[in-house]
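Engineer: Dropping a structure here in structure tokens format, bear with me for questions.
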Amino acid sequence: MGLHKISKIVALVLGVAGVLLWGMLMIKGDEAVIASGGEGLDSFLYVAYLTFAILLITVVVFVVKGILGGDVKKTLMSVGAFLLIFVISYVMADGVESFTKDGELVTAQTSRYIGTGLYTFYILSVVAVVAMAFSGVKKLTKR
């Protein structure tokens with residue numbers, strides 16, 4: 001059997017298991033699940049964890065396979081550029097202690113990590129928009 005056929009069978013089995021467990025939870029009802037302390041929820045989550053683990057392993061294997069089979073220099077340059085953007089975002093972010101609406105303390109370091117994530121998102125979004133615009137202009141000028 002080929003890898004594609006095996007992956008289709010595994011996806012089908014996990015999908016059917018997930019749908020059956022979800023159906024069992026829906027039949028019980030919200031009140032019964034809450035009253036039982038989340039009984040039945042564990043098996044549903046185990047299917048989700050298993051699916052996520054299979055997905056993660058597959059992605060890592062194919063990424064490593066692609067890196068080793070392709071141009072390692074380009075890959076390392078891309079990873080380095082992403083890390084540079086991350087470092088720039090970390091330097092730009094400021095960490096300020098604050099309180100949430102519930103009165104919980106948000107530490108300065110957590111605030112800085114949140115700011116880093118936001119700045120990284122903003123920078124990568126601008127880069128993506130500029131790249132798409134550049135690609136569109138380049139296609140128009142070729143004609």
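Letters A, B, ... go to the chains of the structure tokens in the order shown; residues in each chain start at 1; ligands are counted from 1 in the same order.
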In chain A, what's helix (DSSP H, G or I) per DSSP? Answer as a CSV table (one decimal) with N, CA and C atoms, in the first residue's frame?

Structural biologist:
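So the final result, stored in states-v2.csv, reads:
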chain,number,residue,atom,x,y,z
A,3,LEU,N,1.8,5.3,0.6
A,3,LEU,CA,1.7,6.2,1.7
A,3,LEU,C,0.4,7.0,1.7
A,4,HIS,N,0.0,7.4,0.5
A,4,HIS,CA,-1.2,8.2,0.3
A,4,HIS,C,-2.4,7.4,0.8
A,5,LYS,N,-2.5,6.1,0.4
A,5,LYS,CA,-3.6,5.3,0.8
A,5,LYS,C,-3.6,5.1,2.3
A,6,ILE,N,-2.5,4.9,2.9
A,6,ILE,CA,-2.4,4.7,4.4
A,6,ILE,C,-2.8,6.0,5.1
A,7,SER,N,-2.4,7.1,4.6
A,7,SER,CA,-2.7,8.4,5.3
A,7,SER,C,-4.2,8.6,5.1
A,8,LYS,N,-4.8,8.3,4.0
A,8,LYS,CA,-6.3,8.4,3.8
A,8,LYS,C,-7.0,7.5,4.8
A,9,ILE,N,-6.6,6.3,5.0
A,9,ILE,CA,-7.2,5.4,5.9
A,9,ILE,C,-7.1,5.9,7.4
A,10,VAL,N,-5.9,6.4,7.8
A,10,VAL,CA,-5.7,6.9,9.1
A,10,VAL,C,-6.6,8.1,9.3
A,11,ALA,N,-6.7,9.0,8.4
A,11,ALA,CA,-7.5,10.2,8.5
A,11,ALA,C,-9.0,9.8,8.6
A,12,LEU,N,-9.4,8.8,7.8
A,12,LEU,CA,-10.8,8.4,7.9
A,12,LEU,C,-11.1,7.8,9.3
A,13,VAL,N,-10.2,7.0,9.8
A,13,VAL,CA,-10.4,6.3,11.1
A,13,VAL,C,-10.5,7.4,12.2
A,14,LEU,N,-9.5,8.3,12.2
A,14,LEU,CA,-9.5,9.4,13.2
A,14,LEU,C,-10.8,10.3,13.1
A,15,GLY,N,-11.2,10.6,11.8
A,15,GLY,CA,-12.3,11.4,11.6
A,15,GLY,C,-13.6,10.8,12.1
A,16,VAL,N,-13.7,9.5,11.8
A,16,VAL,CA,-14.9,8.7,12.3
A,16,VAL,C,-14.9,8.7,13.8
A,17,ALA,N,-13.8,8.4,14.4
A,17,ALA,CA,-13.7,8.3,15.9
A,17,ALA,C,-14.1,9.7,16.5
A,18,GLY,N,-13.6,10.8,15.9
A,18,GLY,CA,-13.9,12.1,16.4
A,18,GLY,C,-15.4,12.4,16.3
A,19,VAL,N,-16.0,12.0,15.2
A,19,VAL,CA,-17.4,12.3,15.0
A,19,VAL,C,-18.2,11.5,15.9
A,20,LEU,N,-17.9,10.2,16.1
A,20,LEU,CA,-18.6,9.4,17.1
A,20,LEU,C,-18.5,9.9,18.5
A,21,LEU,N,-17.3,10.3,18.9
A,21,LEU,CA,-17.1,10.8,20.3
A,21,LEU,C,-17.9,12.1,20.4
A,22,TRP,N,-17.8,13.0,19.4
A,22,TRP,CA,-18.6,14.2,19.5
A,22,TRP,C,-20.1,14.0,19.6
A,23,GLY,N,-20.6,13.0,18.8
A,23,GLY,CA,-22.0,12.6,18.9
A,23,GLY,C,-22.4,12.1,20.2
A,24,MET,N,-21.5,11.3,20.9
A,24,MET,CA,-21.8,10.9,22.2
A,24,MET,C,-21.9,12.0,23.2
A,25,LEU,N,-21.0,13.0,23.0
A,25,LEU,CA,-21.1,14.2,23.9
A,25,LEU,C,-22.3,15.0,23.7
A,26,MET,N,-22.8,15.1,22.4
A,26,MET,CA,-24.0,15.9,22.1
A,26,MET,C,-25.2,15.2,22.7
A,27,ILE,N,-25.2,13.8,22.6
A,27,ILE,CA,-26.4,13.1,23.1
A,27,ILE,C,-26.5,13.2,24.6
A,28,LYS,N,-25.4,13.2,25.3
A,28,LYS,CA,-25.4,13.4,26.8
A,28,LYS,C,-26.0,14.8,27.2
A,30,ASP,N,-25.1,19.2,27.6
A,30,ASP,CA,-24.1,20.0,28.3
A,30,ASP,C,-24.2,19.8,29.8
A,31,GLU,N,-25.4,19.7,30.4
A,31,GLU,CA,-25.6,19.6,31.8
A,31,GLU,C,-25.0,18.3,32.3
A,32,ALA,N,-25.2,17.2,31.6
A,32,ALA,CA,-24.7,15.9,32.0
A,32,ALA,C,-23.2,15.8,32.0
A,33,VAL,N,-22.6,16.4,31.0
A,33,VAL,CA,-21.2,16.4,30.8
A,33,VAL,C,-20.5,17.3,32.0
A,34,ILE,N,-21.1,18.4,32.2
A,34,ILE,CA,-20.6,19.3,33.3
A,34,ILE,C,-20.8,18.6,34.7
A,35,ALA,N,-21.9,18.0,34.9
A,35,ALA,CA,-22.2,17.3,36.2
A,35,ALA,C,-21.3,16.1,36.4
A,41,LEU,N,-15.1,13.5,27.7
A,41,LEU,CA,-14.4,14.6,27.0
A,41,LEU,C,-12.9,14.2,26.9
A,42,ASP,N,-12.4,13.3,27.8
A,42,ASP,CA,-11.1,12.9,27.7
A,42,ASP,C,-10.8,12.1,26.4
A,43,SER,N,-11.6,11.2,26.1
A,43,SER,CA,-11.4,10.4,24.9
A,43,SER,C,-11.5,11.2,23.6
A,44,PHE,N,-12.3,12.2,23.6
A,44,PHE,CA,-12.4,13.2,22.5
A,44,PHE,C,-11.1,14.0,22.4
A,45,LEU,N,-10.6,14.4,23.5
A,45,LEU,CA,-9.3,15.1,23.5
A,45,LEU,C,-8.2,14.2,23.1
A,46,TYR,N,-8.2,13.0,23.5
A,46,TYR,CA,-7.1,12.0,23.1
A,46,TYR,C,-7.1,11.9,21.6
A,47,VAL,N,-8.2,11.8,20.9
A,47,VAL,CA,-8.2,11.7,19.5
A,47,VAL,C,-7.6,13.0,18.9
A,48,ALA,N,-8.0,14.2,19.4
A,48,ALA,CA,-7.4,15.4,19.0
A,48,ALA,C,-5.9,15.5,19.2
A,49,TYR,N,-5.4,15.0,20.3
A,49,TYR,CA,-4.0,15.0,20.6
A,49,TYR,C,-3.3,14.1,19.6
A,50,LEU,N,-3.9,12.9,19.4
A,50,LEU,CA,-3.3,12.0,18.4
A,50,LEU,C,-3.2,12.5,17.0
A,51,THR,N,-4.3,13.2,16.6
A,51,THR,CA,-4.3,13.8,15.3
A,51,THR,C,-3.2,14.9,15.2
A,52,PHE,N,-3.1,15.7,16.2
A,52,PHE,CA,-2.1,16.8,16.2
A,52,PHE,C,-0.7,16.2,16.2
A,53,ALA,N,-0.5,15.1,17.0
A,53,ALA,CA,0.9,14.5,17.0
A,53,ALA,C,1.2,14.0,15.6
A,54,ILE,N,0.3,13.3,15.0
A,54,ILE,CA,0.6,12.7,13.6
A,54,ILE,C,0.9,13.9,12.7
A,55,LEU,N,0.1,14.9,12.7
A,55,LEU,CA,0.3,16.1,11.9
A,55,LEU,C,1.6,16.7,12.1
A,56,LEU,N,2.0,16.9,13.3
A,56,LEU,CA,3.3,17.5,13.7
A,56,LEU,C,4.4,16.7,13.2
A,57,ILE,N,4.4,15.4,13.4
A,57,ILE,CA,5.5,14.5,13.0
A,57,ILE,C,5.6,14.5,11.5
A,58,THR,N,4.5,14.5,10.8
A,58,THR,CA,4.5,14.5,9.3
A,58,THR,C,5.1,15.8,8.8
A,59,VAL,N,4.7,16.9,9.4
A,59,VAL,CA,5.2,18.2,8.9
A,59,VAL,C,6.7,18.3,9.2
A,60,VAL,N,7.2,17.9,10.4
A,60,VAL,CA,8.6,17.9,10.7
A,60,VAL,C,9.4,17.0,9.7
A,61,VAL,N,8.9,15.8,9.5
A,61,VAL,CA,9.6,14.9,8.6
A,61,VAL,C,9.8,15.4,7.2
A,62,PHE,N,8.7,16.0,6.7
A,62,PHE,CA,8.7,16.5,5.3
A,62,PHE,C,9.5,17.8,5.2
A,63,VAL,N,9.5,18.6,6.3
A,63,VAL,CA,10.3,19.8,6.3
A,63,VAL,C,11.8,19.5,6.3
A,64,VAL,N,12.2,18.5,7.1
A,64,VAL,CA,13.6,18.1,7.2
A,64,VAL,C,14.0,17.5,5.9
A,65,LYS,N,13.1,16.7,5.3
A,65,LYS,CA,13.4,16.0,4.0
A,65,LYS,C,13.6,17.1,2.9
A,66,GLY,N,12.7,18.1,2.9
A,66,GLY,CA,12.8,19.2,1.9
A,66,GLY,C,14.1,20.0,2.1
A,67,ILE,N,14.5,20.2,3.4
A,67,ILE,CA,15.7,21.0,3.6
A,67,ILE,C,16.9,20.3,3.2
A,68,LEU,N,17.0,19.0,3.5
A,68,LEU,CA,18.1,18.2,3.1
A,68,LEU,C,18.2,17.9,1.6
A,69,GLY,N,17.0,17.9,0.9
A,69,GLY,CA,17.0,17.7,-0.5
A,69,GLY,C,17.1,18.9,-1.3
A,72,VAL,N,20.2,24.3,1.1
A,72,VAL,CA,20.3,24.6,2.5
A,72,VAL,C,20.6,26.0,2.7
A,73,LYS,N,21.4,26.6,1.9
A,73,LYS,CA,21.8,28.0,2.0
A,73,LYS,C,20.6,28.9,2.0
A,74,LYS,N,19.6,28.7,1.1
A,74,LYS,CA,18.4,29.6,1.0
A,74,LYS,C,17.6,29.4,2.2
A,75,THR,N,17.5,28.1,2.7
A,75,THR,CA,16.7,27.8,3.8
A,75,THR,C,17.2,28.5,5.1
A,76,LEU,N,18.5,28.4,5.3
A,76,LEU,CA,19.1,29.1,6.4
A,76,LEU,C,19.0,30.6,6.3
A,77,MET,N,19.1,31.2,5.1
A,77,MET,CA,18.9,32.6,5.0
A,77,MET,C,17.5,33.0,5.4
A,78,SER,N,16.5,32.2,5.0
A,78,SER,CA,15.1,32.5,5.3
A,78,SER,C,14.9,32.4,6.8
A,79,VAL,N,15.4,31.4,7.4
A,79,VAL,CA,15.3,31.2,8.9
A,79,VAL,C,16.0,32.4,9.6
A,80,GLY,N,17.2,32.8,9.1
A,80,GLY,CA,17.9,33.9,9.7
A,80,GLY,C,17.1,35.2,9.5
A,81,ALA,N,16.5,35.4,8.4
A,81,ALA,CA,15.7,36.6,8.2
A,81,ALA,C,14.5,36.7,9.2
A,82,PHE,N,13.9,35.5,9.4
A,82,PHE,CA,12.8,35.5,10.3
A,82,PHE,C,13.2,35.7,11.7
A,83,LEU,N,14.4,35.2,12.1
A,83,LEU,CA,14.9,35.4,13.4
A,83,LEU,C,15.3,36.9,13.6
A,84,LEU,N,15.8,37.5,12.6
A,84,LEU,CA,16.2,38.9,12.6
A,84,LEU,C,14.9,39.8,12.8
A,85,ILE,N,13.9,39.4,12.1
A,85,ILE,CA,12.6,40.2,12.3
A,85,ILE,C,12.1,40.0,13.8
A,86,PHE,N,12.2,38.7,14.3
A,86,PHE,CA,11.8,38.5,15.7
A,86,PHE,C,12.7,39.3,16.7
A,87,VAL,N,14.0,39.3,16.5
A,87,VAL,CA,14.8,40.1,17.4
A,87,VAL,C,14.5,41.6,17.3
A,88,ILE,N,14.3,42.1,16.1
A,88,ILE,CA,13.9,43.5,15.9
A,88,ILE,C,12.6,43.8,16.7
A,89,SER,N,11.6,42.9,16.5
A,89,SER,CA,10.4,43.0,17.2
A,89,SER,C,10.5,43.0,18.7
A,90,TYR,N,11.4,42.1,19.2
A,90,TYR,CA,11.6,42.0,20.7
A,90,TYR,C,12.2,43.3,21.2
A,91,VAL,N,13.2,43.9,20.4
A,91,VAL,CA,13.8,45.2,20.9
A,91,VAL,C,12.8,46.3,20.8
A,92,MET,N,11.9,46.3,19.9
A,92,MET,CA,10.9,47.4,19.7
A,92,MET,C,9.8,47.3,20.8
A,108,ALA,N,5.8,42.2,33.2
A,108,ALA,CA,6.4,43.0,32.2
A,108,ALA,C,7.0,42.1,31.1
A,109,GLN,N,7.5,40.9,31.5
A,109,GLN,CA,8.0,40.0,30.5
A,109,GLN,C,6.9,39.4,29.6
A,110,THR,N,5.8,39.1,30.2
A,110,THR,CA,4.6,38.6,29.4
A,110,THR,C,4.2,39.7,28.4
A,111,SER,N,4.1,40.9,28.9
A,111,SER,CA,3.7,42.1,28.1
A,111,SER,C,4.7,42.3,26.9
A,112,ARG,N,6.0,42.1,27.2
A,112,ARG,CA,7.0,42.2,26.2
A,112,ARG,C,6.8,41.1,25.1
A,113,TYR,N,6.5,39.9,25.5
A,113,TYR,CA,6.3,38.8,24.6
A,113,TYR,C,5.1,39.1,23.7
A,114,ILE,N,4.0,39.6,24.3
A,114,ILE,CA,2.8,39.9,23.5
A,114,ILE,C,3.2,41.0,22.5
A,115,GLY,N,3.9,42.0,22.9
A,115,GLY,CA,4.3,43.1,22.0
A,115,GLY,C,5.2,42.6,20.9
A,116,THR,N,6.1,41.6,21.3
A,116,THR,CA,7.0,41.0,20.2
A,116,THR,C,6.2,40.3,19.2
A,117,GLY,N,5.2,39.5,19.6
A,117,GLY,CA,4.3,38.8,18.7
A,117,GLY,C,3.5,39.7,17.8
A,118,LEU,N,3.0,40.8,18.4
A,118,LEU,CA,2.3,41.8,17.5
A,118,LEU,C,3.2,42.5,16.5
A,119,TYR,N,4.4,42.9,17.0
A,119,TYR,CA,5.3,43.6,16.0
A,119,TYR,C,5.7,42.6,14.9
A,120,THR,N,6.0,41.4,15.3
A,120,THR,CA,6.4,40.4,14.3
A,120,THR,C,5.3,40.2,13.3
A,121,PHE,N,4.1,40.1,13.8
A,121,PHE,CA,2.9,40.0,12.9
A,121,PHE,C,2.8,41.2,11.9
A,122,TYR,N,2.9,42.4,12.5
A,122,TYR,CA,2.8,43.6,11.7
A,122,TYR,C,3.9,43.6,10.6
A,123,ILE,N,5.1,43.4,11.0
A,123,ILE,CA,6.3,43.4,10.0
A,123,ILE,C,6.1,42.4,8.9
A,124,LEU,N,5.7,41.1,9.3
A,124,LEU,CA,5.5,40.1,8.3
A,124,LEU,C,4.3,40.4,7.4
A,125,SER,N,3.3,41.0,7.9
A,125,SER,CA,2.2,41.4,7.1
A,125,SER,C,2.5,42.4,6.1
A,126,VAL,N,3.3,43.4,6.5
A,126,VAL,CA,3.8,44.5,5.6
A,126,VAL,C,4.6,43.8,4.5
A,127,VAL,N,5.5,42.9,4.9
A,127,VAL,CA,6.4,42.3,3.9
A,127,VAL,C,5.6,41.5,2.9
A,128,ALA,N,4.6,40.8,3.4
A,128,ALA,CA,3.7,40.0,2.5
A,128,ALA,C,3.0,40.9,1.5
A,129,VAL,N,2.4,42.0,2.0
A,129,VAL,CA,1.7,42.9,1.1
A,129,VAL,C,2.6,43.5,0.1
A,130,VAL,N,3.8,43.9,0.5
A,130,VAL,CA,4.7,44.5,-0.5
A,130,VAL,C,5.2,43.4,-1.5
A,131,ALA,N,5.4,42.2,-1.0
A,131,ALA,CA,5.8,41.1,-2.0
A,131,ALA,C,4.7,40.8,-3.0
A,132,MET,N,3.4,40.8,-2.5
A,132,MET,CA,2.3,40.6,-3.5
A,132,MET,C,2.2,41.8,-4.5
A,133,ALA,N,2.4,43.0,-4.0
A,133,ALA,CA,2.3,44.2,-4.9
A,133,ALA,C,3.4,44.1,-5.9
A,134,PHE,N,4.6,43.8,-5.4
A,134,PHE,CA,5.8,43.8,-6.3
A,134,PHE,C,5.6,42.7,-7.4
A,135,SER,N,5.1,41.6,-6.9
A,135,SER,CA,4.8,40.5,-7.9
A,135,SER,C,3.8,40.9,-8.9
A,136,GLY,N,2.7,41.5,-8.5
A,136,GLY,CA,1.7,42.0,-9.4
A,136,GLY,C,2.2,43.0,-10.4
A,137,VAL,N,3.0,44.0,-9.9
A,137,VAL,CA,3.6,45.0,-10.8
A,137,VAL,C,4.5,44.4,-11.8
A,138,LYS,N,5.3,43.4,-11.3
A,138,LYS,CA,6.3,42.7,-12.2
A,138,LYS,C,5.6,42.0,-13.3
A,139,LYS,N,4.4,41.3,-13.0
A,139,LYS,CA,3.7,40.6,-14.0
A,139,LYS,C,3.1,41.6,-15.0
A,140,LEU,N,2.6,42.7,-14.6
A,140,LEU,CA,2.0,43.7,-15.5
A,140,LEU,C,3.1,44.3,-16.4
A,141,THR,N,4.3,44.5,-15.9
A,141,THR,CA,5.3,45.1,-16.8
A,141,THR,C,5.9,44.1,-17.7
A,142,LYS,N,5.8,42.8,-17.5
A,142,LYS,CA,6.3,41.8,-18.4
A,142,LYS,C,5.5,41.7,-19.7

Engineer: Calculate how many Å separate CA of Gly70 in chain A from CA of Gly2 in chain A, rounding to one decimal.

Structural biologist: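 These two atoms are separated by 23.9 Å.
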
Engineer: When you draw a straight line from CA of Val106 in chain A to CA of Asp94 in chain A, how long is it in Å?

Structural biologist: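 Calculated distance between CA of Val106 in chain A and CA of Asp94 in chain A is 13.0 Å.
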
Engineer: Give the strand (DSSP E or B) residues of range 37-137 of chain A, as assigned by DSSP on the backbone, as an MDAnalysis selection string.

Structural biologist: chainID A and resid 98:99 105:106
